[in-house]
Amino acid sequence: VNWHNLPKLQGSKVNHNQLVKALRPGDRIAAIAEVIAATSLPPPSGQLAVDDLIFAVRDLPNGVPEGTAGYITDVLPGDGAPNFRTDFPQFPQFGQSTATVSQVMKAPRVADRVVAVRDIKIPSGVVVRKGSAGVVSRMTPERGTYTYTVTWEDVPQASSTPMRGLDLAVKEESYTPAPLKIPTGATGTVLSIVHGKGLWNEQ
C-alpha cells in the first residue's frame, strides 16, 4: 500500500483484515454500533428550543392563564420570528397548541443566572431593582407554575424570598445539552469527508 502523507511507509504490506473501505460522498452507510454525536452549542440564553421549560407571559387565546408553566415540543419554521408548539401539563386539553415568541418566555432552572426584569418589592420593604443579577437556588411548584428563590448579588437580604418566574429573565443557563445518540443500525448518506490527520479532504 502507498499511504498518503506517510512517505516512509510507501509500498508497505498489510493484511486485508487491517483495512476498511474508505467512504466517499454519496455512499450509503449504516451504524455498526451506537455513536455519540458531537453536539452543537446550546442556543443563546433566552432563545427557545425543544424541551425548554416556559411560562405564558399573558393569558393565551386558547385559555392558558398568564404564568402557567409548560414546555416547547417543537420549533415551527417560518419567516421572521419562529412559532412554537407547546404543552402545558396543567391544561392537557390544550396540548400541542401554537404560541408565538411574544406569548411565552424561557423559565429559569436551578443554578441558572438570572436578572430582574422589573423592580421587585418584597414584604420586608426591600426592593430588588430591575437589572439586579443572581443565581436561582430553588424552584418550587405552585398551582401550575413555579416560584423561585434567588441568591441576589447586590440584595442578599432578599435571597430567601420566593419570587414569580415572570419577574426573572435567564441571563446564563447552567445546563449542558444531553449528547445526541445515533442508534446501531441507523442508516444515512455521506455528505462530505472532513480533513484530519493522515486523511484527505473531499467536499
# chains A, B, ... in the order shown; residues from 1 in each chain; ligands from 1
$ residues_around --residues "region 97-111 of chain A" --least-positions-apart "4" --cutoff "6 Å" --atoms "only C-alpha atoms" --output "list in words"
Gly46, Leu53, Ile54, Phe55, Ala56, Val57, Asn83, Phe84, Arg85, Thr86, Val135, Val136, Ser137, Arg138, Val170 and Ser174 of chain A
$ write_last_selection --atoms "C-alpha atoms" --output "mmCIF file, in the first residue's frame"
data_model
loop_
_atom_site.group_PDB
_atom_site.id
_atom_site.type_symbol
_atom_site.label_atom_id
_atom_site.label_comp_id
_atom_site.auth_asym_id
_atom_site.auth_seq_id
_atom_site.Cartn_x
_atom_site.Cartn_y
_atom_site.Cartn_z
ATOM 1 C CA GLY A 46 -33.333 33.410 26.332
ATOM 2 C CA LEU A 53 -39.418 24.995 30.299
ATOM 3 C CA ILE A 54 -41.563 28.081 29.588
ATOM 4 C CA PHE A 55 -44.100 30.448 31.110
ATOM 5 C CA ALA A 56 -47.087 32.011 29.373
ATOM 6 C CA VAL A 57 -46.345 35.741 29.643
ATOM 7 C CA ASN A 83 -43.633 29.958 16.373
ATOM 8 C CA PHE A 84 -43.644 27.114 18.873
ATOM 9 C CA ARG A 85 -45.736 24.065 19.563
ATOM 10 C CA THR A 86 -46.305 23.899 23.297
ATOM 11 C CA VAL A 135 -28.423 32.702 40.778
ATOM 12 C CA VAL A 136 -31.519 30.530 41.210
ATOM 13 C CA SER A 137 -31.100 28.443 44.355
ATOM 14 C CA ARG A 138 -34.539 26.830 44.430
ATOM 15 C CA VAL A 170 -32.479 33.937 32.144
ATOM 16 C CA SER A 174 -26.402 26.234 33.764
#
$ select_by_dssp --residues "region 15-144 of chain A" --states "strand (DSSP E)" --output "ChimeraX atom specification"
/A:28-30,35-37,53-56,69-76,83-87,97-100,104-106,113-116,120-121,127-128,133-142
$ closest_residue --among "A:Leu191, A:Asp167, A:Val1, A:Thr140" --to "Val14 (chain A)" --atoms "only C-alpha atoms"
A:Val1
$ select_by_dssp --residues "region 14-188 of chain A" --states "helix (DSSP H, G or I)" --output "VMD selection string"
chain A and resid 16 to 18 92 to 94 156 to 158 165 to 167
$ closest_residue --among "A:Ala30, A:Met163, A:Ala133, A:Leu60" --to "Ile182 (chain A)" --atoms "only C-alpha atoms"
A:Ala30
$ residues_around --residues "Pro92 (chain A)" --least-positions-apart "6" --cutoff "12 Å" --atoms "only C-alpha atoms" --output "mmCIF file with N, CA, C and O atoms, in the first residue's frame"
data_model
loop_
_atom_site.group_PDB
_atom_site.id
_atom_site.type_symbol
_atom_site.label_atom_id
_atom_site.label_comp_id
_atom_site.auth_asym_id
_atom_site.auth_seq_id
_atom_site.Cartn_x
_atom_site.Cartn_y
_atom_site.Cartn_z
ATOM 1 N N ASN A 62 -55.997 30.319 23.784
ATOM 2 C CA ASN A 62 -56.621 29.015 24.000
ATOM 3 C C ASN A 62 -57.110 28.821 25.431
ATOM 4 O O ASN A 62 -57.658 27.772 25.765
ATOM 5 N N GLY A 63 -56.885 29.814 26.308
ATOM 6 C CA GLY A 63 -57.385 29.716 27.678
ATOM 7 C C GLY A 63 -56.326 29.455 28.729
ATOM 8 O O GLY A 63 -56.643 29.423 29.925
ATOM 9 N N VAL A 64 -55.054 29.256 28.345
ATOM 10 C CA VAL A 64 -53.982 29.035 29.316
ATOM 11 C C VAL A 64 -53.696 30.366 30.023
ATOM 12 O O VAL A 64 -53.395 31.364 29.371
ATOM 13 N N GLY A 70 -45.047 25.415 31.139
ATOM 14 C CA GLY A 70 -45.205 24.386 30.118
ATOM 15 C C GLY A 70 -43.877 24.084 29.458
ATOM 16 O O GLY A 70 -42.813 24.418 30.001
ATOM 17 N N TYR A 71 -43.925 23.466 28.289
ATOM 18 C CA TYR A 71 -42.725 23.049 27.579
ATOM 19 C C TYR A 71 -42.867 23.334 26.089
ATOM 20 O O TYR A 71 -43.970 23.332 25.539
ATOM 21 N N THR A 86 -46.492 23.920 21.854
ATOM 22 C CA THR A 86 -46.305 23.899 23.297
ATOM 23 C C THR A 86 -47.169 22.835 23.967
ATOM 24 O O THR A 86 -48.146 22.351 23.401
ATOM 25 N N GLY A 144 -49.548 25.022 39.066
ATOM 26 C CA GLY A 144 -49.337 25.105 37.621
ATOM 27 C C GLY A 144 -48.204 26.005 37.187
ATOM 28 O O GLY A 144 -47.978 26.179 35.990
#
$ closest_residue --among "A:Gln96, A:Thr147, A:Gln90, A:Thr189" --to "Ile72 (chain A)" --atoms "only C-alpha atoms"
A:Gln96
